[in-house]
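A short write-up of the structure that comes next.
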Amino acid sequence: MTTPDRHDFPPGFAWGCSTSSYQIEGAAREGGKGESIWDRFCQRPGAIRDGSSGATACDHYHRWPEDLDLAQGLGVDAYRFSIAWPRIFPDGVGERPSAEGLAFYSRLVDGMLTRGLQPWATLYHWDLPQALQERGGWLNRDTMAAFADYAHAVAHHLGDRVKHWITHNEPWCTAFLGHHEGVHAPGLRDFRAALQVCHHLLVSHGDAVAAVRAAAPGAQAGITLSLHPIRAASAGPADQAAAQRHDGLRNRWFLDPLHGRGYPADVLAALGDDAPRVEAGDLARIATPCDFLGVNYYFPETIADAPGGEGIATRVVPTPGAPLTAFGWPIVPEGMTELLTRVQRDYRPAAVYLTENGACFDDVPDADGFVQDDARQRFLAAHFAAALRAVRAGVPLKGYFVWSLLDNFEWAEGYTRRFGLTHVDYATQRRRLKASGEWFRHFLRAESPAP
Ligand code: GCO
């Protein structure tokens, strides 16, 4: 399929771009913001590849009008951002939300609306208030109530203008990168704890959906999952079983309970005593009906058996024949179609949004700071075509958000990985649209073909 035209997509299909609070805002201790677990984690020697943090990042806290101008200039319909919980409740909980924190996001949302950008707010994109971590963080069931209270407070103040809410971004990352692999905040390494954290994240998702709806009737609410098509490394029974187990924990562990089926029995059996404690009513809360499913697609995973390995004893191996991004991720556009049609076939969500898709390449600015990122342009064109194939296969795909509007703080990789449609010179904070951004703008502004 050649590169599709935006008019090949159904009328009303929402095109957007995504960011997140800790990755772009900076102002880590301004505006009354409390410490987050990422502020703390970045202080750990060796935690971040380049020793950096999100303390300044893209200085979006001060430069947001310019950044919203960039989004408007692209011609996107929608802008997905996240709200930093520690700006709203610096200690995680409180009698009243921070007026300063709410005012910042109120100004930001008004800025989107005046620029014709539909706001999509993610409530949790990993920056938990450190004060809650001191009390066990997501391992403590009390954090679920704190999250629902935070969700209610934000929706109460912004719900008159924000009509699309994402409760969690990628709970798999929060749970397993943060609590099993230890490479994300809070940097713990305990598989059983990670599974219990994951359970609390999912229950808190359902509670937050209810809280948002109570505070902002008519709001659309959902969750964003990082999902991957899973392929076995070989036809051998051990790799085939490993791929099934890996699909279980990577994908079905989230999709099944969110769609009212409880946790998958095969994974529960594989987990044994590591399985989470589930209290009465938890599964019903997880299955609170949502208006949409957010999917972040980046790459498929090829899985081999890992006898004696940690967790479910699987390991990711190279995907044969796939070119790689600068991050080492396989580039497999057809994996997006495969994933979306599988989700539709097996779960039939009411609506699906690609809430993230993008790629990291070694961008080299020219003397004028311009980046001719042809590889990223090709990546996006191929994935847009894959999304269109999913639409034509009957997937209720309603929108696509490119990750990311700006180069930004890439978690444990610091500023060494660039995903932006816009180049950011962190020394000067100068923004410059890359060639891929100019291409995206042309795609979005294409005239509709003559009837
Ligand atoms: C994720 C997060 C983003 C990342 C992006 C590139 O999916 O991991 O939502 O914050 O920065 O995906 O890794």
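We name chains A, B, ... following the order of the structure tokens; residues begin at 1 in each chain, and ligands are numbered from 1 as shown.
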Per residue of chain A within 9 Å of ligand 1, what are the shortest atom pair and its distance in Å to one decimal, counting only C-alpha atoms and all ligand atoms, with rows by chain and residue number, as a Markdown table?
| residue | atom | partner | partner_atom_place_in_ligand_line | distance |
| --- | --- | --- | --- | --- |
| A:Ser18 | CA | ligand 1 | 9 (O) | 8.7 |
| A:Thr19 | CA | ligand 1 | 10 (O) | 7.2 |
| A:Ser20 | CA | ligand 1 | 10 (O) | 6.4 |
| A:Tyr22 | CA | ligand 1 | 10 (O) | 8.8 |
| A:Gln23 | CA | ligand 1 | 10 (O) | 7.2 |
| A:His125 | CA | ligand 1 | 9 (O) | 7.1 |
| A:Trp126 | CA | ligand 1 | 10 (O) | 8.5 |
| A:Asn169 | CA | ligand 1 | 9 (O) | 6.1 |
| A:Glu170 | CA | ligand 1 | 9 (O) | 6.4 |
| A:Cys173 | CA | ligand 1 | 8 (O) | 7.1 |
| A:Thr224 | CA | ligand 1 | 9 (O) | 8.6 |
| A:Leu225 | CA | ligand 1 | 7 (O) | 8.6 |
| A:Ser226 | CA | ligand 1 | 7 (O) | 6.4 |
| A:Asn296 | CA | ligand 1 | 7 (O) | 6.2 |
| A:Tyr297 | CA | ligand 1 | 7 (O) | 8.1 |
| A:Tyr298 | CA | ligand 1 | 12 (O) | 7.5 |
| A:Phe327 | CA | ligand 1 | 13 (O) | 8.8 |
| A:Thr355 | CA | ligand 1 | 9 (O) | 8.7 |
| A:Glu356 | CA | ligand 1 | 12 (O) | 6.7 |
| A:Asn357 | CA | ligand 1 | 12 (O) | 7.4 |
| A:Gly358 | CA | ligand 1 | 6 (C) | 7.5 |
| A:Ala359 | CA | ligand 1 | 6 (C) | 7.4 |
| A:Cys360 | CA | ligand 1 | 6 (C) | 7.7 |
| A:Trp403 | CA | ligand 1 | 5 (C) | 6.5 |
| A:Ser404 | CA | ligand 1 | 5 (C) | 7.8 |
| A:Asn408 | CA | ligand 1 | 11 (O) | 7.7 |
| A:Phe409 | CA | ligand 1 | 11 (O) | 7.3 |
| A:Glu410 | CA | ligand 1 | 11 (O) | 5.0 |
| A:Trp411 | CA | ligand 1 | 11 (O) | 6.8 |
| A:Arg417 | CA | ligand 1 | 6 (C) | 8.5 |
| A:Arg418 | CA | ligand 1 | 6 (C) | 8.7 |
| A:Phe419 | CA | ligand 1 | 6 (C) | 6.9 |
**Request:** Excluding Gln240 (chain A) and any residue of its chain fewer than 3 positions from it, enumerate the residues within 12 Å of it, using only C-alpha atoms, and give them as a list in words.
**Result:** Ile230, Arg231, Ala232, Ala233, Ser234, Ala235, Gly236, Pro237, Ala243, Gln244, Arg245, His246, Asp247, Thr302, Ile303, Ala304, Asp305, Ala306 and Thr314 of chain A
**Asked** Expressed in Å to a single decimal, how great is the separation between CA of Lys398 (chain A) and CA of Ser21 (chain A)?
**Response**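 Interatomic distance here is 24.2 Å.
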**Request:** Excluding His228 (chain A) and any residue of its chain fewer than 6 positions from it, enumerate the residues within 7 Å of it, using only C-alpha atoms, and give them as a ChimeraX atom specification.
**Result:** /A:297,299-301,339
**Message:** Taking 4 positions as the minimum chain separation for residues in the same chain, which residues sit within 9 Å of Gly262 (chain A) when counting only C-alpha atoms? Answer as a PyMOL selection string.
**Reply:** chain A and resi 253+256-258+283-284+286-287
**Message:** Residues of region 20-162 of chain A classed as strand (DSSP E) by DSSP on the backbone are to be reported as a VMD selection string.
**Reply:** chain A and resid 78 to 82 118 to 124
Taking all heavy atoms for each residue, export the selection above as an mmCIF file, in the first residue's frame.
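out-v6.cif, freshly written:
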data_model
loop_
_atom_site.group_PDB
_atom_site.id
_atom_site.type_symbol
_atom_site.label_atom_id
_atom_site.label_comp_id
_atom_site.auth_asym_id
_atom_site.auth_seq_id
_atom_site.Cartn_x
_atom_site.Cartn_y
_atom_site.Cartn_z
ATOM 1 N N ALA A 78 -6.094 16.772 17.856
ATOM 2 C CA ALA A 78 -6.092 16.482 19.290
ATOM 3 C C ALA A 78 -4.671 16.473 19.835
ATOM 4 O O ALA A 78 -3.710 16.257 19.077
ATOM 5 C CB ALA A 78 -6.742 15.124 19.544
ATOM 6 N N TYR A 79 -4.570 16.722 21.111
ATOM 7 C CA TYR A 79 -3.257 16.735 21.781
ATOM 8 C C TYR A 79 -3.376 15.952 23.068
ATOM 9 O O TYR A 79 -4.221 16.236 23.920
ATOM 10 C CB TYR A 79 -2.832 18.168 22.081
ATOM 11 C CG TYR A 79 -1.564 18.282 22.894
ATOM 12 C CD1 TYR A 79 -0.351 17.801 22.397
ATOM 13 C CD2 TYR A 79 -1.561 18.855 24.165
ATOM 14 C CE1 TYR A 79 0.827 17.892 23.130
ATOM 15 C CE2 TYR A 79 -0.397 18.954 24.913
ATOM 16 C CZ TYR A 79 0.802 18.470 24.393
ATOM 17 O OH TYR A 79 1.944 18.563 25.137
ATOM 18 N N ARG A 80 -2.568 14.880 23.165
ATOM 19 C CA ARG A 80 -2.567 14.042 24.360
ATOM 20 C C ARG A 80 -1.417 14.453 25.269
ATOM 21 O O ARG A 80 -0.265 14.422 24.853
ATOM 22 C CB ARG A 80 -2.438 12.565 23.990
ATOM 23 C CG ARG A 80 -2.370 11.656 25.213
ATOM 24 C CD ARG A 80 -2.150 10.195 24.864
ATOM 25 N NE ARG A 80 -1.947 9.398 26.069
ATOM 26 C CZ ARG A 80 -0.934 8.551 26.233
ATOM 27 N NH1 ARG A 80 -0.040 8.367 25.261
ATOM 28 N NH2 ARG A 80 -0.793 7.883 27.362
ATOM 29 N N PHE A 81 -1.772 14.875 26.484
ATOM 30 C CA PHE A 81 -0.780 15.285 27.477
ATOM 31 C C PHE A 81 -1.053 14.507 28.755
ATOM 32 O O PHE A 81 -2.040 13.762 28.838
ATOM 33 C CB PHE A 81 -0.882 16.792 27.726
ATOM 34 C CG PHE A 81 -2.185 17.221 28.370
ATOM 35 C CD1 PHE A 81 -2.223 17.675 29.676
ATOM 36 C CD2 PHE A 81 -3.395 17.150 27.669
ATOM 37 C CE1 PHE A 81 -3.415 18.061 30.266
ATOM 38 C CE2 PHE A 81 -4.607 17.529 28.262
ATOM 39 C CZ PHE A 81 -4.618 17.992 29.569
ATOM 40 N N SER A 82 -0.206 14.644 29.744
ATOM 41 C CA SER A 82 -0.532 14.023 31.033
ATOM 42 C C SER A 82 -0.453 15.065 32.144
ATOM 43 O O SER A 82 0.223 16.087 32.009
ATOM 44 C CB SER A 82 0.378 12.832 31.345
ATOM 45 O OG SER A 82 1.615 13.234 31.895
ATOM 46 N N GLN A 118 -8.197 19.318 20.559
ATOM 47 C CA GLN A 118 -9.035 18.591 21.509
ATOM 48 C C GLN A 118 -8.136 18.010 22.608
ATOM 49 O O GLN A 118 -7.227 17.219 22.300
ATOM 50 C CB GLN A 118 -9.764 17.454 20.775
ATOM 51 C CG GLN A 118 -10.791 16.697 21.585
ATOM 52 C CD GLN A 118 -11.398 15.558 20.761
ATOM 53 O OE1 GLN A 118 -10.708 14.579 20.431
ATOM 54 N NE2 GLN A 118 -12.675 15.696 20.412
ATOM 55 N N PRO A 119 -8.330 18.377 23.864
ATOM 56 C CA PRO A 119 -7.443 17.891 24.938
ATOM 57 C C PRO A 119 -7.729 16.440 25.286
ATOM 58 O O PRO A 119 -8.885 16.059 25.457
ATOM 59 C CB PRO A 119 -7.799 18.795 26.128
ATOM 60 C CG PRO A 119 -8.692 19.866 25.604
ATOM 61 C CD PRO A 119 -9.341 19.325 24.364
ATOM 62 N N TRP A 120 -6.711 15.625 25.344
ATOM 63 C CA TRP A 120 -6.792 14.254 25.840
ATOM 64 C C TRP A 120 -5.861 14.177 27.036
ATOM 65 O O TRP A 120 -4.645 14.328 26.879
ATOM 66 C CB TRP A 120 -6.354 13.262 24.766
ATOM 67 C CG TRP A 120 -7.409 12.963 23.742
ATOM 68 C CD1 TRP A 120 -7.993 13.854 22.874
ATOM 69 C CD2 TRP A 120 -8.016 11.692 23.488
ATOM 70 N NE1 TRP A 120 -8.928 13.215 22.095
ATOM 71 C CE2 TRP A 120 -8.960 11.884 22.448
ATOM 72 C CE3 TRP A 120 -7.848 10.419 24.015
ATOM 73 C CZ2 TRP A 120 -9.737 10.851 21.943
ATOM 74 C CZ3 TRP A 120 -8.615 9.379 23.503
ATOM 75 C CH2 TRP A 120 -9.557 9.600 22.489
ATOM 76 N N ALA A 121 -6.424 13.988 28.214
ATOM 77 C CA ALA A 121 -5.631 14.033 29.450
ATOM 78 C C ALA A 121 -5.367 12.626 29.968
ATOM 79 O O ALA A 121 -6.300 11.837 30.184
ATOM 80 C CB ALA A 121 -6.371 14.843 30.508
ATOM 81 N N THR A 122 -4.089 12.321 30.179
ATOM 82 C CA THR A 122 -3.704 11.087 30.868
ATOM 83 C C THR A 122 -3.495 11.418 32.334
ATOM 84 O O THR A 122 -2.736 12.356 32.655
ATOM 85 C CB THR A 122 -2.401 10.512 30.281
ATOM 86 O OG1 THR A 122 -2.576 10.246 28.892
ATOM 87 C CG2 THR A 122 -1.989 9.229 31.002
ATOM 88 N N LEU A 123 -4.182 10.710 33.205
ATOM 89 C CA LEU A 123 -4.088 11.002 34.632
ATOM 90 C C LEU A 123 -2.782 10.484 35.229
ATOM 91 O O LEU A 123 -2.200 11.117 36.111
ATOM 92 C CB LEU A 123 -5.281 10.387 35.373
ATOM 93 C CG LEU A 123 -6.620 11.110 35.154
ATOM 94 C CD1 LEU A 123 -7.778 10.213 35.574
ATOM 95 C CD2 LEU A 123 -6.648 12.418 35.925
ATOM 96 N N TYR A 124 -2.318 9.330 34.774
ATOM 97 C CA TYR A 124 -1.101 8.779 35.352
ATOM 98 C C TYR A 124 -0.146 8.312 34.274
ATOM 99 O O TYR A 124 -0.341 7.274 33.659
ATOM 100 C CB TYR A 124 -1.401 7.611 36.306
ATOM 101 C CG TYR A 124 -0.175 7.177 37.079
ATOM 102 C CD1 TYR A 124 0.319 7.955 38.124
ATOM 103 C CD2 TYR A 124 0.522 6.015 36.758
ATOM 104 C CE1 TYR A 124 1.470 7.584 38.829
ATOM 105 C CE2 TYR A 124 1.671 5.637 37.436
ATOM 106 C CZ TYR A 124 2.135 6.425 38.470
ATOM 107 O OH TYR A 124 3.276 6.056 39.159
#
**Request:** Using only C-alpha atoms, find the one residue out of A:Val371, A:Arg342, A:Ala427, A:Ala216 that sits nearest to Val395 (chain A).
**Result:** A:Arg342
Closest-contact table, region 8-76 of chain A side, partner region 442-447 of chain A, 10 Å, counting only C-alpha atoms, as CSV:
residue,atom,partner,partner_atom,distance
A:Trp15,CA,A:Leu444,CA,7.9
A:Gly16,CA,A:Leu444,CA,9.9
A:Leu74,CA,A:Leu444,CA,7.3
A:Gly75,CA,A:Leu444,CA,5.9
A:Val76,CA,A:Leu444,CA,6.9
**Message:** Taking 4 positions as the minimum chain separation for residues in the same chain, which residues sit within 9 Å of Asp77 (chain A) when counting only C-alpha atoms? Answer as an NGL selection string.
**Reply:** :A and (13-17 or 71-72 or 116-118)
How close does each residue of region 91-143 of chain A get to region 180-196 of chain A, giving the shortest atom pair and distance in Å to one decimal for every residue with an atom at most 12 Å away, counting only C-alpha atoms, sorted by chain and residue number, as a Markdown table?
| residue | atom | partner | partner_atom | distance |
| --- | --- | --- | --- | --- |
| A:His125 | CA | A:Ala185 | CA | 11.6 |
| A:Trp126 | CA | A:Ala185 | CA | 8.0 |
| A:Asp127 | CA | A:Ala185 | CA | 8.5 |
| A:Leu128 | CA | A:Ala185 | CA | 9.0 |
| A:Pro129 | CA | A:Pro186 | CA | 10.8 |
| A:Gln130 | CA | A:Pro186 | CA | 9.0 |
| A:Leu132 | CA | A:Pro186 | CA | 11.2 |
| A:Gln133 | CA | A:Pro186 | CA | 7.8 |
| A:Glu134 | CA | A:Pro186 | CA | 10.3 |
| A:Gly136 | CA | A:Pro186 | CA | 10.3 |
| A:Gly137 | CA | A:Pro186 | CA | 8.8 |
| A:Trp138 | CA | A:Gln196 | CA | 8.3 |
| A:Leu139 | CA | A:Gln196 | CA | 6.4 |
| A:Asn140 | CA | A:Gln196 | CA | 9.1 |
| A:Arg141 | CA | A:Gln196 | CA | 9.5 |
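The environment of Asp291 (chain A) within 9 Å, counting only C-alpha atoms and disregarding residues fewer than 5 places along the same chain, consists of Ala219, Gln220, Ala221, Gly222, Pro349, Ala350, Ala351 and Val352 of chain A.
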Go ahead and save the picked residues with all heavy atoms, as a short mmCIF file (atom, residue, chain, number, x, y, z; two decimals), in the first residue's frame.
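Printed below is again-v7.cif as written:
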data_model
loop_
_atom_site.label_atom_id
_atom_site.label_comp_id
_atom_site.auth_asym_id
_atom_site.auth_seq_id
_atom_site.Cartn_x
_atom_site.Cartn_y
_atom_site.Cartn_z
N ALA A 219 -18.11 12.57 30.07
CA ALA A 219 -16.70 12.41 29.66
C ALA A 219 -16.48 11.02 29.09
O ALA A 219 -17.14 10.06 29.48
CB ALA A 219 -15.79 12.63 30.88
N GLN A 220 -15.54 10.90 28.16
CA GLN A 220 -15.12 9.61 27.60
C GLN A 220 -13.89 9.16 28.38
O GLN A 220 -12.94 9.94 28.55
CB GLN A 220 -14.74 9.78 26.13
CG GLN A 220 -15.85 10.35 25.27
CD GLN A 220 -16.72 9.25 24.68
OE1 GLN A 220 -16.22 8.36 24.00
NE2 GLN A 220 -17.99 9.31 24.95
N ALA A 221 -13.89 7.92 28.86
CA ALA A 221 -12.77 7.45 29.67
C ALA A 221 -12.29 6.09 29.20
O ALA A 221 -13.08 5.26 28.72
CB ALA A 221 -13.19 7.37 31.14
N GLY A 222 -11.00 5.88 29.33
CA GLY A 222 -10.39 4.61 28.93
C GLY A 222 -9.02 4.47 29.55
O GLY A 222 -8.63 5.26 30.41
N PRO A 349 -13.56 -4.14 21.50
CA PRO A 349 -13.74 -2.87 22.23
C PRO A 349 -14.66 -1.93 21.46
O PRO A 349 -14.75 -2.02 20.23
CB PRO A 349 -12.31 -2.32 22.30
CG PRO A 349 -11.58 -2.97 21.17
CD PRO A 349 -12.19 -4.32 20.99
N ALA A 350 -15.33 -1.05 22.19
CA ALA A 350 -16.26 -0.10 21.54
C ALA A 350 -15.52 0.80 20.57
O ALA A 350 -16.01 1.14 19.50
CB ALA A 350 -16.94 0.73 22.62
N ALA A 351 -14.35 1.22 20.97
CA ALA A 351 -13.53 2.09 20.11
C ALA A 351 -12.07 1.90 20.50
O ALA A 351 -11.77 1.57 21.65
CB ALA A 351 -13.93 3.56 20.30
N VAL A 352 -11.19 2.08 19.54
CA VAL A 352 -9.76 1.95 19.80
C VAL A 352 -9.05 3.21 19.30
O VAL A 352 -9.41 3.75 18.24
CB VAL A 352 -9.16 0.73 19.05
CG1 VAL A 352 -7.66 0.58 19.33
CG2 VAL A 352 -9.88 -0.55 19.46
#
